[in-house]
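Please read the structure below before turning to the comments.
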Amino acid sequence: MCGVVGIHGHDEAAKVAYLGLHALQHRGQEGAGIAADDGERLRASRALGLVGDVFGHGELEKLPGRSAIGHVRYSTAGESSLRNVQPFVVRYRVGQVAIAHNGNLVNAADIRGRLEARGSIFNTSSDTEVILHLVATSIQGTFINRLVDALLQVEGAYSLVVLSENRLVAVRDPHGFRPLVLGRLGEAWVVASETTALDLIGGTYEREVEPGEMVIIEGGRLTSISPFPRRPRKACVFEHVYFARPNSDIFGRPVYDSRFDWGRRLARVEPVDADVVLPVPDSGTPAALGYAFESKRIFKQGLIRSHYVGRTFIEPSQQIRDFGVKLKLSPVRSVIEGKRLIVVDDSIVRGTTSRKIVRLLRESGAAEVHLRICSPPIIASCFYGVDTPTQDELIAHRMDLEETREHIGADSLAYLPLEALHADLGDEAGAFCDACFSGRYPVAPRVGADRHQLPLFQPEGEDAV
Ligand code: SF4
């Protein structure tokens, strides 16, 4: 859970990156940063906070240059602290490098241990820094070869944007877990995690950066290489379920359509006699519209979301998460009172939020609450960059369907079947990762006893927050 953007060949590269990051804010709200290349040196500005706050005080004026990369961070690896906010900019024996990463490397701890044993000193607790060390210690001659050499040693998920020696490099891991798209803005080249960033800056979509592809943009020209061994494509299905913006095309398919189609499918396979279809906003809304359309029932907004608090799922502490649910959703009593409700949500993780929503609806006078979830039960943790809790915290791992329903307090509960998730994506070839729903991991996770990707490294240091 992070977002990246890169731009090459634009007079106001840092400002374009800033706008792109605004469009990607939903992918990470802990910190934001931009690094720019003026042809002589790389400069960066990074801080904890939202994009608008981080760059609201003339920071962009200090970032001249025609190339820039940007990052919004949500910590799936490493603690929440300023030193972990990307892009990382380092100087090594050959020159400077700036890097921004979306994804999670499953073997970063192993590599870090090996490098530290040889004397490397790490500045952050982020898995991304491992890549920089591997670049710096590579014996290859050119920067591109050093980067390839480094990436051949890491496993897991990475969509990267890199600045070095007046070039922008964009690269995606061979499975293609996380999205990365390529576009144009006039003569300039743009890469971004989602197409919504291209839309916001007025750019045009060219294509995806392919799994295992490295795109090198230099002097306005683009070169593409595929230096990694081929792997089966495993795009993260959870981007379509929850994470990406509904106005984005992810992995070549509109996210809105996926959610709407899954809602329709759910209405067919899990019908229920009720009065009103209600979304849990915002990510449940397209699916609820699909459910209402297919079941020919009225759609109403019975829960109004406040947009001035963060998404509860991606807040890191349980304390904030619990508080956030009450802050975030306000019931519309006239829609709810005396009604049998079909409540459509995108997913259930711990069950905490669903339980609170059901309680809120009952307190507001709902006659019945039927919960319909537009994805299968989450039974396993993600190790490729989406923040899911340990397996033991996942409600579908701990409880069966009836126990979950009872715990949440709904009159009925039903999920979208796993086959339907793939069928409605047209995924006959199994090109989507569904490990959090199936437990089938495309890349074996290296996990400790708690079976969790957090933390790879122990928190330490004064700037930890
Ligand atoms: Fe996405 Fe789930 Fe696979 Fe993680 S495990 S990459 S969240 S589908």
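Chain labels run A, B, ... following the order of the structure tokens; each chain numbers its residues from 1, and ligands are numbered from 1 in the order shown.
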Show me, as a list in words, the residues that have an atom within 12 Å of Arg146 of chain A when counting only C-alpha atoms, minus same-chain residues fewer than 4 positions from it.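 Listed by chain and then number, they are Val94, Val97, Ile131, Leu132, His133, Leu134, Val135, Ala136, Thr137, Ser138, Ile139, Gln140, Gly141, Thr142, Ala150, Leu151, Leu152, Gln153, Ser164 and Pro227 of chain A.
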Only N, CA and C atoms, please: the residues just picked out, written as a PDB file, in the first residue's frame.
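Result file result-v1.pdb:
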```
ATOM      1  N   VAL A  94      29.430   6.097  -7.269  1.00  0.00           N
ATOM      2  CA  VAL A  94      29.297   6.506  -8.666  1.00  0.00           C
ATOM      3  C   VAL A  94      28.458   7.780  -8.827  1.00  0.00           C
ATOM      4  N   VAL A  97      21.270   8.430  -6.425  1.00  0.00           N
ATOM      5  CA  VAL A  97      20.098   7.656  -6.828  1.00  0.00           C
ATOM      6  C   VAL A  97      18.922   8.073  -5.953  1.00  0.00           C
ATOM      7  N   ILE A 131      17.407  -2.507  -1.657  1.00  0.00           N
ATOM      8  CA  ILE A 131      17.686  -2.377  -3.092  1.00  0.00           C
ATOM      9  C   ILE A 131      18.839  -1.403  -3.313  1.00  0.00           C
ATOM     10  N   LEU A 132      18.824  -0.288  -2.582  1.00  0.00           N
ATOM     11  CA  LEU A 132      19.897   0.705  -2.737  1.00  0.00           C
ATOM     12  C   LEU A 132      21.251   0.116  -2.349  1.00  0.00           C
ATOM     13  N   HIS A 133      21.277  -0.655  -1.284  1.00  0.00           N
ATOM     14  CA  HIS A 133      22.548  -1.283  -0.880  1.00  0.00           C
ATOM     15  C   HIS A 133      23.035  -2.265  -1.943  1.00  0.00           C
ATOM     16  N   LEU A 134      22.097  -2.996  -2.514  1.00  0.00           N
ATOM     17  CA  LEU A 134      22.490  -3.965  -3.542  1.00  0.00           C
ATOM     18  C   LEU A 134      23.013  -3.241  -4.789  1.00  0.00           C
ATOM     19  N   VAL A 135      22.407  -2.098  -5.125  1.00  0.00           N
ATOM     20  CA  VAL A 135      22.902  -1.293  -6.252  1.00  0.00           C
ATOM     21  C   VAL A 135      24.314  -0.804  -5.944  1.00  0.00           C
ATOM     22  N   ALA A 136      24.499  -0.264  -4.760  1.00  0.00           N
ATOM     23  CA  ALA A 136      25.787   0.344  -4.399  1.00  0.00           C
ATOM     24  C   ALA A 136      26.903  -0.692  -4.336  1.00  0.00           C
ATOM     25  N   THR A 137      26.569  -1.909  -3.944  1.00  0.00           N
ATOM     26  CA  THR A 137      27.615  -2.923  -3.783  1.00  0.00           C
ATOM     27  C   THR A 137      27.781  -3.802  -5.026  1.00  0.00           C
ATOM     28  N   SER A 138      26.953  -3.565  -6.038  1.00  0.00           N
ATOM     29  CA  SER A 138      27.045  -4.382  -7.251  1.00  0.00           C
ATOM     30  C   SER A 138      28.382  -4.144  -7.970  1.00  0.00           C
ATOM     31  N   ILE A 139      28.897  -5.176  -8.579  1.00  0.00           N
ATOM     32  CA  ILE A 139      30.158  -5.031  -9.314  1.00  0.00           C
ATOM     33  C   ILE A 139      29.897  -4.724 -10.792  1.00  0.00           C
ATOM     34  N   GLN A 140      28.634  -4.579 -11.179  1.00  0.00           N
ATOM     35  CA  GLN A 140      28.314  -4.285 -12.578  1.00  0.00           C
ATOM     36  C   GLN A 140      28.788  -2.871 -12.959  1.00  0.00           C
ATOM     37  N   GLY A 141      28.978  -2.661 -14.248  1.00  0.00           N
ATOM     38  CA  GLY A 141      29.602  -1.424 -14.704  1.00  0.00           C
ATOM     39  C   GLY A 141      28.668  -0.239 -14.825  1.00  0.00           C
ATOM     40  N   THR A 142      27.460  -0.439 -15.348  1.00  0.00           N
ATOM     41  CA  THR A 142      26.560   0.700 -15.564  1.00  0.00           C
ATOM     42  C   THR A 142      25.482   0.713 -14.489  1.00  0.00           C
ATOM     43  N   ALA A 150      20.734  -5.881  -8.729  1.00  0.00           N
ATOM     44  CA  ALA A 150      20.084  -5.783  -7.412  1.00  0.00           C
ATOM     45  C   ALA A 150      18.720  -6.467  -7.430  1.00  0.00           C
ATOM     46  N   LEU A 151      17.942  -6.184  -8.469  1.00  0.00           N
ATOM     47  CA  LEU A 151      16.567  -6.694  -8.492  1.00  0.00           C
ATOM     48  C   LEU A 151      16.516  -8.202  -8.745  1.00  0.00           C
ATOM     49  N   LEU A 152      17.568  -8.740  -9.361  1.00  0.00           N
ATOM     50  CA  LEU A 152      17.619 -10.191  -9.539  1.00  0.00           C
ATOM     51  C   LEU A 152      17.746 -10.911  -8.188  1.00  0.00           C
ATOM     52  N   GLN A 153      18.152 -10.171  -7.165  1.00  0.00           N
ATOM     53  CA  GLN A 153      18.352 -10.802  -5.854  1.00  0.00           C
ATOM     54  C   GLN A 153      17.144 -10.678  -4.926  1.00  0.00           C
ATOM     55  N   SER A 164      18.274   8.526 -11.690  1.00  0.00           N
ATOM     56  CA  SER A 164      19.727   8.524 -11.580  1.00  0.00           C
ATOM     57  C   SER A 164      20.326   8.954 -12.904  1.00  0.00           C
ATOM     58  N   PRO A 227      14.783  -7.854 -18.326  1.00  0.00           N
ATOM     59  CA  PRO A 227      15.990  -8.567 -17.933  1.00  0.00           C
ATOM     60  C   PRO A 227      15.784  -9.699 -16.922  1.00  0.00           C
TER      61      PRO A 227
END
```
Ligand 1: which residues are within 9 Å, counting only C-alpha atoms and all ligand atoms? Reply as a CSV table (one decimal) with C-alpha atoms, in the first residue's frame.
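Generated file (pocket27.csv):
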```
chain,number,residue,atom,x,y,z
A,103,GLY,CA,5.2,-3.3,-2.8
A,157,ALA,CA,6.4,-7.3,-5.1
A,177,PHE,CA,1.8,-7.8,-8.2
A,178,ARG,CA,1.4,-4.1,-8.0
A,234,LYS,CA,0.0,-12.5,-10.5
A,235,ALA,CA,-1.7,-9.1,-10.4
A,236,CYS,CA,-3.2,-8.3,-6.9
A,237,VAL,CA,-6.9,-8.9,-7.1
A,238,PHE,CA,-7.3,-6.8,-3.9
A,239,GLU,CA,-6.5,-3.7,-5.9
A,243,PHE,CA,-7.5,-0.6,-2.7
A,378,ILE,CA,-9.9,-13.2,3.8
A,380,ALA,CA,-4.5,-15.4,5.0
A,381,SER,CA,-2.2,-12.4,5.4
A,382,CYS,CA,-0.7,-10.5,2.4
A,383,PHE,CA,3.1,-10.5,2.1
A,384,TYR,CA,3.2,-8.4,-1.1
A,385,GLY,CA,2.5,-4.9,0.1
A,386,VAL,CA,-1.1,-4.7,1.3
A,387,ASP,CA,-1.5,-4.2,5.0
A,388,THR,CA,-3.5,-7.1,6.3
A,432,PHE,CA,-4.5,-12.6,-10.5
A,433,CYS,CA,-3.0,-13.2,-7.1
A,434,ASP,CA,-5.7,-14.3,-4.6
A,435,ALA,CA,-3.5,-15.5,-1.8
A,436,CYS,CA,-5.3,-13.6,0.9
A,437,PHE,CA,-8.5,-15.4,-0.1
A,438,SER,CA,-7.1,-18.8,-1.0
A,439,GLY,CA,-3.8,-19.1,1.0
A,440,ARG,CA,-2.0,-20.0,-2.3
A,441,TYR,CA,1.1,-17.8,-2.3
A,442,PRO,CA,2.8,-17.2,-5.7
```
Find the residues near Arg233 of chain A: any atom within 7 Å, counting only C-alpha atoms, skip ones fewer than 6 places away on the same chain, and give them as number ranges by chain. A: 175-176, 211, 431-432
Using DSSP assignments from the backbone, pull out every residue in segment 21-181 of chain A that falls under strand (DSSP E or B) and give it to me as a ChimeraX atom specification. /A:31-37,42-48,67-73,81,88-91,96-102,105,156,159-164,167-172,181
May I ask which of the residues A:Ile111, A:Ile373, A:Leu48, A:Val280 is the closest one to Leu416 of chain A, counting only C-alpha atoms?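 Counting only C-alpha atoms, the residue closest to Leu416 of chain A is A:Ile373.
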Could you check which of A:Asp257, A:Val16, A:Pro417, A:Ser375 is closest to Leu185 of chain A, using only C-alpha atoms?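 Comparing A:Asp257, A:Val16, A:Pro417, A:Ser375 against Leu185 of chain A, the winner is A:Val16.
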Identify, on the basis of only C-alpha atoms, every residue whose closest approach to Ser226 of chain A does not exceed 12 Å; exclude the query and any residue fewer than 6 positions from it along the same chain; express the result as a ChimeraX atom specification. /A:144,148,151-152,170-174,209-216
Contacts of Gly3 of chain A at 9 Å or less, counting only C-alpha atoms, minus same-chain residues fewer than 6 places along, as a ChimeraX atom specification? /A:21,24-28,70-74,100-102,192-194
Put those residues in a file: C-alpha atoms, as an mmCIF file, in the first residue's frame.
```
data_model
loop_
_atom_site.group_PDB
_atom_site.id
_atom_site.type_symbol
_atom_site.label_atom_id
_atom_site.label_comp_id
_atom_site.auth_asym_id
_atom_site.auth_seq_id
_atom_site.Cartn_x
_atom_site.Cartn_y
_atom_site.Cartn_z
ATOM 1 C CA LEU A 21 0.476 12.260 -5.625
ATOM 2 C CA LEU A 24 -2.833 8.704 -5.275
ATOM 3 C CA GLN A 25 -3.398 9.932 -1.734
ATOM 4 C CA HIS A 26 -5.762 7.023 -0.996
ATOM 5 C CA ARG A 27 -2.794 4.652 -1.415
ATOM 6 C CA GLY A 28 -0.970 6.032 1.606
ATOM 7 C CA GLY A 70 7.084 10.993 -5.868
ATOM 8 C CA HIS A 71 5.738 8.629 -3.263
ATOM 9 C CA VAL A 72 2.868 8.392 -0.808
ATOM 10 C CA ARG A 73 3.561 5.992 1.983
ATOM 11 C CA TYR A 74 1.655 3.536 4.022
ATOM 12 C CA ALA A 100 10.343 5.133 -4.601
ATOM 13 C CA HIS A 101 8.731 1.715 -4.109
ATOM 14 C CA ASN A 102 5.249 0.254 -3.999
ATOM 15 C CA ALA A 192 2.116 6.234 -11.990
ATOM 16 C CA SER A 193 0.560 3.572 -9.794
ATOM 17 C CA GLU A 194 -2.914 4.301 -11.159
#
```
Can you pull out every residue within 6 Å of segment 288-299 of chain A, counting only C-alpha atoms, but drop anything in the same chain fewer than 6 positions away, and send it as a list of chain:residue names?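 The filter keeps A:Phe260, A:Gly263, A:Arg264, A:Ala267, A:Val276, A:Val277, A:Pro279, A:Val344.
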Polymer residues at most 10 Å from Gly219 of chain A, only C-alpha atoms, same-chain spacing of 6 or more positions, as number ranges by chain: A: 8-9, 166-168
Could you state the separation of atom CA of Gly430 of chain A and atom CA of Ala444 of chain A in Å, given to one decimal place?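 That distance, rounded to one decimal, is 17.3 Å.
Take the candidates A:Asp275, A:Val4, A:Asn123, A:Leu50 and check each one against Val161 of chain A using only C-alpha atoms; the shortest distance goes to A:Val4.
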